[in-house]
>>> print(open('upload.cif').read())   # mmCIF, C-alpha atoms
data_final
#
loop_
_atom_site.label_atom_id
_atom_site.label_comp_id
_atom_site.auth_asym_id
_atom_site.auth_seq_id
_atom_site.Cartn_x
_atom_site.Cartn_y
_atom_site.Cartn_z
CA MET A 1 -56.48 13.54 -41.76
CA PRO A 2 -57.62 10.35 -39.97
CA LYS A 3 -59.75 11.06 -36.93
CA ASN A 4 -57.69 8.75 -34.75
CA ARG A 5 -54.32 10.17 -35.66
CA PHE A 6 -53.64 11.45 -32.18
CA GLU A 7 -55.51 8.71 -30.39
CA ASN A 8 -53.61 5.86 -32.04
CA PRO A 9 -50.36 7.12 -33.61
CA PRO A 10 -48.76 4.72 -36.09
CA ARG A 11 -46.26 2.25 -34.61
CA GLY A 12 -42.75 3.65 -34.89
CA ALA A 13 -43.91 7.22 -35.51
CA ALA A 14 -41.88 9.99 -33.88
CA ARG A 15 -43.32 11.27 -30.60
CA SER A 16 -42.72 14.45 -28.67
CA PRO A 17 -40.51 14.21 -25.56
CA MET A 18 -43.62 14.48 -23.38
CA GLU A 19 -45.00 11.32 -25.01
CA GLY A 20 -41.81 9.28 -25.03
CA MET A 21 -41.16 6.28 -22.80
CA ALA A 22 -37.94 7.90 -21.56
CA HIS A 23 -39.91 10.86 -20.25
CA LEU A 24 -42.47 8.57 -18.61
CA ARG A 25 -39.73 6.55 -17.00
CA ARG A 26 -38.14 9.72 -15.56
CA ARG A 27 -41.50 10.76 -14.13
CA ILE A 28 -41.97 7.29 -12.63
CA ASN A 29 -38.51 7.33 -11.06
CA ASP A 30 -38.96 10.87 -9.70
CA LEU A 31 -42.16 9.88 -7.94
CA ALA A 32 -40.86 6.50 -6.81
CA THR A 33 -37.81 8.10 -5.20
CA LEU A 34 -40.07 10.04 -2.90
CA ALA A 35 -41.68 6.78 -1.73
CA MET A 36 -44.63 8.66 -0.24
CA PRO A 37 -48.04 6.94 -0.04
CA ALA A 38 -49.72 10.12 -1.30
CA ARG A 39 -47.75 9.77 -4.54
CA TRP A 40 -48.84 6.24 -5.38
CA GLY A 41 -52.03 7.40 -7.07
CA ALA A 42 -50.05 9.63 -9.41
CA LEU A 43 -47.51 6.86 -9.96
CA SER A 44 -50.26 4.43 -10.94
CA SER A 45 -51.71 6.88 -13.45
CA ILE A 46 -48.29 7.30 -15.06
CA ILE A 47 -47.94 3.53 -15.37
CA ARG A 48 -51.35 3.32 -17.01
CA GLU A 49 -50.38 6.11 -19.39
CA ALA A 50 -47.25 4.20 -20.34
CA PHE A 51 -49.30 1.08 -21.01
CA GLU A 52 -52.03 2.66 -23.15
CA ARG A 53 -50.13 2.01 -26.35
CA ARG A 54 -49.59 -1.64 -25.45
CA GLU A 55 -53.19 -2.72 -24.95
CA GLY A 56 -53.31 -4.23 -28.44
CA ASP A 57 -50.08 -6.24 -28.07
CA ASN A 58 -50.06 -9.94 -27.28
CA LEU A 59 -50.00 -10.85 -23.61
CA GLN A 60 -46.56 -12.48 -23.58
CA PRO A 61 -43.32 -10.54 -22.96
CA GLN A 62 -41.90 -9.40 -26.27
CA ALA A 63 -38.78 -11.06 -27.61
CA ILE A 64 -35.70 -9.27 -26.33
CA SER A 65 -34.09 -9.38 -29.75
CA LYS A 66 -36.91 -7.36 -31.31
CA ALA A 67 -35.50 -4.31 -33.07
CA GLY A 68 -35.80 -1.15 -31.09
CA ALA A 69 -36.68 -2.91 -27.81
CA GLY A 70 -35.16 -1.12 -24.82
CA SER A 71 -35.26 -1.15 -21.06
CA GLY A 72 -38.16 0.18 -19.07
CA PHE A 73 -41.77 -0.72 -18.33
CA GLN A 74 -43.22 -2.95 -21.04
CA GLY A 75 -46.82 -3.43 -20.03
CA ARG A 76 -49.06 -5.32 -17.64
CA ALA A 77 -48.06 -8.88 -16.80
CA ARG A 78 -51.27 -10.72 -17.59
CA ASP A 79 -49.69 -14.18 -17.57
CA VAL A 80 -47.58 -14.73 -14.44
CA SER A 81 -47.46 -18.51 -14.56
CA PRO A 82 -44.18 -20.05 -13.29
CA ALA A 83 -42.77 -21.03 -16.69
CA VAL A 84 -43.53 -17.60 -18.16
CA ILE A 85 -41.77 -15.59 -15.45
CA ALA A 86 -38.79 -17.97 -15.44
CA HIS A 87 -38.26 -17.78 -19.19
CA ALA A 88 -38.83 -14.03 -19.16
CA ALA A 89 -36.16 -13.55 -16.48
CA ARG A 90 -33.44 -15.21 -18.54
CA ARG A 91 -34.26 -12.72 -21.31
CA GLY A 92 -34.11 -9.69 -19.01
CA GLU A 93 -37.84 -9.36 -18.28
CA PHE A 94 -38.76 -9.02 -14.59
CA LEU A 95 -41.91 -8.38 -12.61
CA ARG A 96 -42.51 -5.05 -10.87
CA PHE A 97 -45.60 -4.45 -8.77
CA VAL A 98 -47.53 -1.18 -8.91
CA MET A 99 -50.57 -0.79 -6.69
CA GLY A 100 -50.83 -4.58 -6.51
CA ARG A 101 -50.63 -4.99 -10.29
CA ALA A 102 -47.85 -7.09 -11.82
CA CYS A 103 -45.98 -5.31 -14.63
CA TRP A 104 -43.12 -6.31 -16.92
CA PHE A 105 -39.91 -4.33 -16.69
CA ARG A 106 -37.09 -4.96 -19.14
CA GLU A 107 -33.41 -4.58 -18.27
CA ASP A 108 -30.69 -3.88 -20.85
CA SER A 109 -28.04 -5.78 -18.91
CA LEU A 110 -27.67 -7.88 -15.77
CA PRO A 111 -24.89 -8.00 -13.16
CA ALA A 112 -23.54 -11.52 -13.71
CA ARG A 113 -20.56 -13.78 -13.17
CA PHE A 114 -19.65 -17.20 -14.50
CA ILE A 115 -19.67 -19.97 -11.93
CA GLY A 116 -16.23 -21.43 -11.23
CA ALA A 117 -15.81 -25.20 -11.46
CA ARG A 118 -14.09 -25.14 -8.05
CA ALA A 119 -16.39 -22.64 -6.39
CA VAL A 120 -15.93 -22.68 -2.61
CA THR A 121 -17.66 -20.93 0.25
CA ARG A 122 -16.02 -18.06 2.05
CA GLY A 123 -17.11 -15.96 4.98
CA PRO A 124 -17.68 -16.25 8.72
CA LEU A 125 -18.53 -19.78 9.86
CA THR A 126 -19.80 -20.21 13.40
CA ASP A 127 -21.46 -23.05 15.28
CA ALA A 128 -24.43 -20.77 15.96
CA MET A 129 -25.42 -20.44 12.30
CA LYS A 130 -27.43 -22.71 10.01
CA LEU A 131 -27.72 -22.50 6.25
CA ALA A 132 -30.38 -24.13 4.05
CA LEU A 133 -31.72 -24.19 0.50
CA ASP A 134 -35.51 -23.98 0.18
CA GLY A 135 -35.89 -24.13 3.95
CA ASP A 136 -38.85 -21.73 4.18
CA PHE A 137 -39.33 -19.98 0.85
CA ARG A 138 -42.32 -17.88 1.88
CA VAL A 139 -40.58 -16.47 4.95
CA VAL A 140 -37.52 -15.49 2.88
CA VAL A 141 -39.64 -13.66 0.26
CA GLN A 142 -41.71 -11.93 2.94
CA GLN A 143 -38.61 -10.76 4.81
CA ALA A 144 -37.02 -9.48 1.60
CA THR A 145 -40.21 -7.58 0.83
CA ARG A 146 -40.41 -6.05 4.32
CA GLU A 147 -36.83 -4.84 4.13
CA SER A 148 -37.41 -3.34 0.68
CA ILE A 149 -40.50 -1.48 1.89
CA ALA A 150 -38.66 -0.26 4.99
CA ALA A 151 -35.90 1.07 2.74
CA GLY A 152 -38.47 3.03 0.72
CA ARG A 153 -38.00 1.01 -2.45
CA PRO A 154 -40.90 1.12 -4.95
CA PHE A 155 -42.45 -1.72 -6.95
CA CYS A 156 -42.10 -4.31 -4.14
CA PRO A 157 -43.89 -7.68 -4.50
CA GLY A 158 -46.40 -7.32 -1.65
CA ASP A 159 -48.97 -10.08 -1.10
CA THR A 160 -49.62 -10.44 -4.83
CA GLY A 161 -45.96 -10.92 -5.64
CA VAL A 162 -45.35 -13.33 -2.78
CA ALA A 163 -48.16 -15.53 -4.06
CA ILE A 164 -46.75 -15.41 -7.62
CA PHE A 165 -43.27 -16.42 -6.51
CA GLU A 166 -44.64 -19.10 -4.20
CA ALA A 167 -46.36 -20.66 -7.21
CA ALA A 168 -43.05 -20.55 -9.09
CA HIS A 169 -41.38 -22.20 -6.10
CA ALA A 170 -44.00 -24.97 -6.00
CA ALA A 171 -43.42 -25.53 -9.74
CA GLY A 172 -39.66 -25.83 -9.16
CA PHE A 173 -38.53 -22.62 -10.87
CA ALA A 174 -37.99 -20.39 -7.81
CA HIS A 175 -35.64 -21.24 -4.94
CA SER A 176 -34.35 -19.64 -1.77
CA LEU A 177 -31.33 -19.72 0.50
CA GLU A 178 -31.44 -18.72 4.16
CA ILE A 179 -28.96 -18.26 6.99
CA ARG A 180 -30.28 -18.50 10.53
CA GLY A 181 -28.68 -17.70 13.85
CA GLN A 182 -28.56 -19.56 17.15
CA SER A 183 -32.13 -18.60 18.05
CA GLU A 184 -33.37 -19.54 14.56
CA GLU A 185 -33.66 -15.85 13.60
CA LEU A 186 -33.31 -15.15 9.89
CA CYS A 187 -29.95 -13.39 9.47
CA ALA A 188 -29.71 -13.42 5.68
CA GLY A 189 -31.49 -14.78 2.67
CA LEU A 190 -32.01 -14.62 -1.06
CA TYR A 191 -34.46 -15.97 -3.61
CA GLY A 192 -34.41 -16.23 -7.37
CA LEU A 193 -35.29 -18.13 -10.51
CA ALA A 194 -33.50 -21.09 -12.10
CA GLN A 195 -33.53 -21.35 -15.87
CA GLY A 196 -31.32 -23.63 -17.95
CA ARG A 197 -27.74 -23.24 -16.74
CA GLY A 198 -28.47 -19.89 -15.09
CA PHE A 199 -29.77 -18.68 -11.75
CA ILE A 200 -31.09 -15.13 -11.37
CA ILE A 201 -31.23 -13.65 -7.87
CA LEU A 202 -34.31 -11.48 -7.51
CA GLU A 203 -33.68 -10.23 -3.96
CA ILE A 204 -31.04 -10.59 -1.27
CA PHE A 205 -30.82 -9.28 2.28
CA ALA A 206 -28.46 -9.70 5.23
CA SER A 207 -28.00 -8.32 8.71
CA ALA A 208 -24.27 -7.90 8.05
CA PRO A 209 -22.34 -7.26 4.79
CA GLU A 210 -20.18 -10.37 5.17
CA LEU A 211 -23.30 -12.54 5.12
CA HIS A 212 -24.07 -11.32 1.60
CA ARG A 213 -20.82 -12.86 0.40
CA LEU A 214 -21.36 -16.04 2.39
CA ALA A 215 -24.82 -16.55 0.94
CA LEU A 216 -23.61 -15.96 -2.62
CA ASP A 217 -20.57 -18.21 -2.35
CA SER A 218 -22.54 -21.01 -0.68
CA LEU A 219 -25.14 -20.91 -3.45
CA GLU A 220 -22.46 -20.83 -6.14
CA ALA A 221 -20.64 -23.82 -4.63
CA GLN A 222 -23.78 -25.92 -4.91
CA LEU A 223 -24.71 -24.63 -8.36
CA ALA A 224 -21.22 -25.59 -9.58
CA GLN A 225 -21.87 -29.17 -8.48
CA TRP A 226 -25.09 -29.13 -10.51
CA ARG A 227 -23.26 -27.89 -13.62
CA TYR A 228 -24.80 -24.43 -13.67
CA GLU A 229 -22.79 -21.91 -15.67
CA VAL A 230 -23.83 -18.38 -14.71
CA LEU A 231 -25.16 -16.52 -11.67
CA ALA A 232 -26.86 -13.15 -12.11
CA PHE A 233 -28.79 -10.47 -10.28
CA SER A 234 -31.92 -8.68 -11.25
CA PRO A 235 -30.70 -5.05 -11.14
CA TYR A 236 -33.61 -4.46 -8.77
CA ALA A 237 -32.00 -6.65 -6.11
CA ARG A 238 -30.65 -4.64 -3.20
CA MET A 239 -26.89 -4.96 -3.71
CA ARG A 240 -24.57 -1.99 -4.06
CA GLU A 241 -22.52 -1.77 -7.22
CA ALA A 242 -19.28 -1.72 -5.23
CA MET A 243 -20.23 -4.95 -3.46
CA LEU A 244 -21.19 -6.59 -6.75
CA ALA A 245 -17.89 -5.59 -8.34
CA GLU A 246 -15.96 -6.89 -5.34
CA ALA A 247 -17.82 -10.21 -5.62
CA GLY A 248 -16.83 -10.51 -9.27
CA PHE A 249 -20.07 -9.42 -10.96
CA SER A 250 -20.00 -7.27 -14.08
CA ALA A 251 -22.57 -6.11 -16.64
CA MET A 252 -23.70 -8.76 -19.12
CA LEU A 253 -26.06 -7.95 -21.97
CA ARG A 254 -29.39 -9.73 -21.65
CA THR A 255 -28.86 -11.60 -24.95
CA GLU A 256 -25.45 -12.79 -23.75
CA PHE A 257 -26.95 -13.96 -20.48
CA ASP A 258 -29.71 -15.79 -22.35
CA ASN A 259 -27.08 -17.59 -24.44
CA ALA A 260 -25.00 -18.41 -21.36
CA CYS A 261 -28.00 -20.06 -19.70
CA GLY A 262 -28.32 -22.53 -22.56
CA ALA A 263 -29.80 -25.90 -21.60
CA ASN A 264 -28.93 -27.65 -18.35
CA PRO A 265 -27.78 -31.25 -19.00
CA SER A 266 -28.25 -32.08 -15.31
CA ALA A 267 -31.99 -31.50 -15.55
CA GLY A 268 -34.49 -32.73 -13.03
CA ARG A 269 -33.79 -30.12 -10.36
CA HIS A 270 -37.31 -28.77 -10.47
CA GLY A 271 -38.24 -30.01 -7.03
CA ARG A 272 -37.22 -28.70 -3.64
CA TRP A 273 -33.51 -27.95 -3.41
CA SER A 274 -31.14 -28.91 -0.60
CA PHE A 275 -27.40 -28.84 -0.19
CA GLU A 276 -25.68 -32.06 -1.20
CA GLU A 277 -23.80 -33.94 1.49
CA LYS A 278 -20.37 -33.26 0.03
CA ILE A 279 -21.12 -29.55 -0.09
CA SER A 280 -22.39 -29.65 3.49
CA ALA A 281 -19.27 -31.43 4.73
CA ALA A 282 -17.04 -28.82 3.13
CA ARG A 283 -19.08 -26.11 4.76
CA ASP A 284 -19.04 -27.43 8.34
CA PRO A 285 -20.19 -26.45 10.92
CA PHE A 286 -23.28 -25.41 8.94
CA SER A 287 -26.20 -27.79 8.84
CA SER A 288 -28.07 -28.20 5.56
CA ALA A 289 -31.79 -28.48 6.18
CA ALA A 290 -33.50 -30.53 3.52
#
>>> encode(input="upload.cif", output="structure tokens")
Amino acid sequence: MPKNRFENPPRGAARSPMEGMAHLRRRINDLATLAMPARWGALSSIIREAFERREGDNLQPQAISKAGAGSGFQGRARDVSPAVIAHAARRGEFLRFVMGRACWFREDSLPARFIGARAVTRGPLTDAMKLALDGDFRVVVQQATRESIAAGRPFCPGDTGVAIFEAAHAAGFAHSLEIRGQSEELCAGLYGLAQGRGFIILEIFASAPELHRLALDSLEAQLAQWRYEVLAFSPYARMREAMLAEAGFSAMLRTEFDNACGANPSAGRHGRWSFEEKISAARDPFSSAA
């Protein structure tokens, strides 16, 4: 019997339930639900245990089409450059942050909807509100993170994640939308990653439910003008399933979403985004900060 039989079991070999990824994921979720600082040490050790078998793998996210690949934690994210995280997102790979460490988490499907050619904005329009694309990306990501932490959600970006997404924003892959009130307070916002013909929302927040719909429809109206095809959510984004269904989102397999993204013929939108004038006029009395 090889000495390392139990230390390095053959790839694909059957494992006991206590060693399986499903069991590890349940333990992670059980601890994360508690959202207690005293539990983070145990949570980190579970993550490390889950990653032990992946230390020899290459550092890039594995291809989604690989046989036997499923959802769950996939390993440490050693390369978090903008292009890597953008391409990973369209294939269902997203960053989670555990004790300040970036990790890959794979989703089986994404809540998604195809963008209508005549997408229009809906929702409450008042003179006191202002809406902008890429107005203040850092503030939007920080506010989304604060609200996630306050809600007791695990795996939030924190300072490390904010810096990673800021780099993606500077490279033109990550973008934000914000809605501000009369006193310039941030009432709602979202940020996500653009890839091909697709846009994936990583986080969304709003002070009132109707602002969720307004933010989504305003973004979709502009994306339609730019010939984007599909809008999706990371399942980690804070949107209730009922709200997603009401807004027309349904489960789309990650491979189907990847295919729907395709290539964007209206390329060149890798700089700072702003609402086009014709979109702004249709959305009066909002102002579109450049």
>>> resolve_selection(input="upload.cif", expression="the PyMOL selection byres ((chain A and resi 80-85) around 9)", output="JSON, numbers by chain")
{"A": [60, 61, 77, 78, 79, 86, 87, 88, 89, 90, 93, 94, 95, 102, 164, 165, 167, 168, 169, 170, 171, 172, 173, 174, 193]}
>>> atom_distance(input="upload.cif", atom1="atom CA of Thr145 of chain A", atom2="atom CA of Phe249 of chain A")
23.4 Å
>>> resolve_selection(input="upload.cif", expression="the PyMOL selection byres ((chain A and resi 219) around 10)", output="ChimeraX atom specification")
/A:119-121,132-133,176-177,190,199,213-218,220-224,231,275
>>> atom_distance(input="upload.cif", atom1="atom CA of Glu107 of chain A", atom2="atom CA of Ile201 of chain A")
14.0 Å
>>> closest_residue(input="upload.cif", among="A:Gly262, A:Gly92, A:Gly116, A:Pro111", to="Arg197 of chain A", atoms="all atoms listed in the file")
A:Gly262
>>> residues_around(input="upload.cif", residues="Leu244 of chain A", least_positions_apart="6", cutoff="12 Å", atoms="only C-alpha atoms", output="PDB file with C-alpha atoms, in the coordinates of the input")
ATOM      1  CA  LEU A 110     -27.670  -7.880 -15.770  1.00  0.00           C
ATOM      2  CA  PRO A 111     -24.890  -8.000 -13.160  1.00  0.00           C
ATOM      3  CA  ALA A 112     -23.540 -11.520 -13.710  1.00  0.00           C
ATOM      4  CA  ARG A 113     -20.560 -13.780 -13.170  1.00  0.00           C
ATOM      5  CA  ILE A 204     -31.040 -10.590  -1.270  1.00  0.00           C
ATOM      6  CA  PRO A 209     -22.340  -7.260   4.790  1.00  0.00           C
ATOM      7  CA  HIS A 212     -24.070 -11.320   1.600  1.00  0.00           C
ATOM      8  CA  ARG A 213     -20.820 -12.860   0.400  1.00  0.00           C
ATOM      9  CA  LEU A 216     -23.610 -15.960  -2.620  1.00  0.00           C
ATOM     10  CA  LEU A 231     -25.160 -16.520 -11.670  1.00  0.00           C
ATOM     11  CA  ALA A 232     -26.860 -13.150 -12.110  1.00  0.00           C
ATOM     12  CA  PHE A 233     -28.790 -10.470 -10.280  1.00  0.00           C
ATOM     13  CA  SER A 234     -31.920  -8.680 -11.250  1.00  0.00           C
ATOM     14  CA  PRO A 235     -30.700  -5.050 -11.140  1.00  0.00           C
ATOM     15  CA  ALA A 237     -32.000  -6.650  -6.110  1.00  0.00           C
ATOM     16  CA  ARG A 238     -30.650  -4.640  -3.200  1.00  0.00           C
ATOM     17  CA  SER A 250     -20.000  -7.270 -14.080  1.00  0.00           C
ATOM     18  CA  ALA A 251     -22.570  -6.110 -16.640  1.00  0.00           C
TER      19      ALA A 251
END
>>> closest_residue(input="upload.cif", among="A:Ala245, A:Met99, A:Ile179, A:Leu186", to="Leu131 of chain A", atoms="only C-alpha atoms")
A:Ile179
>>> atom_distance(input="upload.cif", atom1="atom CA of Met239 of chain A", atom2="atom CA of Glu203 of chain A")
8.6 Å
>>> resolve_selection(input="upload.cif", expression="the PyMOL selection byres ((chain A and resi 146) around 12)", output="ChimeraX atom specification")
/A:139-145,147-154,156-159,162,203-205
>>> closest_residue(input="upload.cif", among="A:Phe114, A:Phe155, A:Phe137, A:Tyr236", to="Val98 of chain A", atoms="only C-alpha atoms")
A:Phe155
>>> residues_around(input="upload.cif", residues="Thr255 of chain A", least_positions_apart="3", cutoff="7 Å", atoms="only C-alpha atoms", output="CSV table (one decimal) with C-alpha atoms, in the frame of the given file")
chain,number,residue,atom,x,y,z
A,91,ARG,CA,-34.3,-12.7,-21.3
A,258,ASP,CA,-29.7,-15.8,-22.4
A,259,ASN,CA,-27.1,-17.6,-24.4
>>> closest_residue(input="upload.cif", among="A:Gly135, A:Gly181, A:Gly198, A:Gly75", to="Arg272 of chain A", atoms="only C-alpha atoms")
A:Gly135
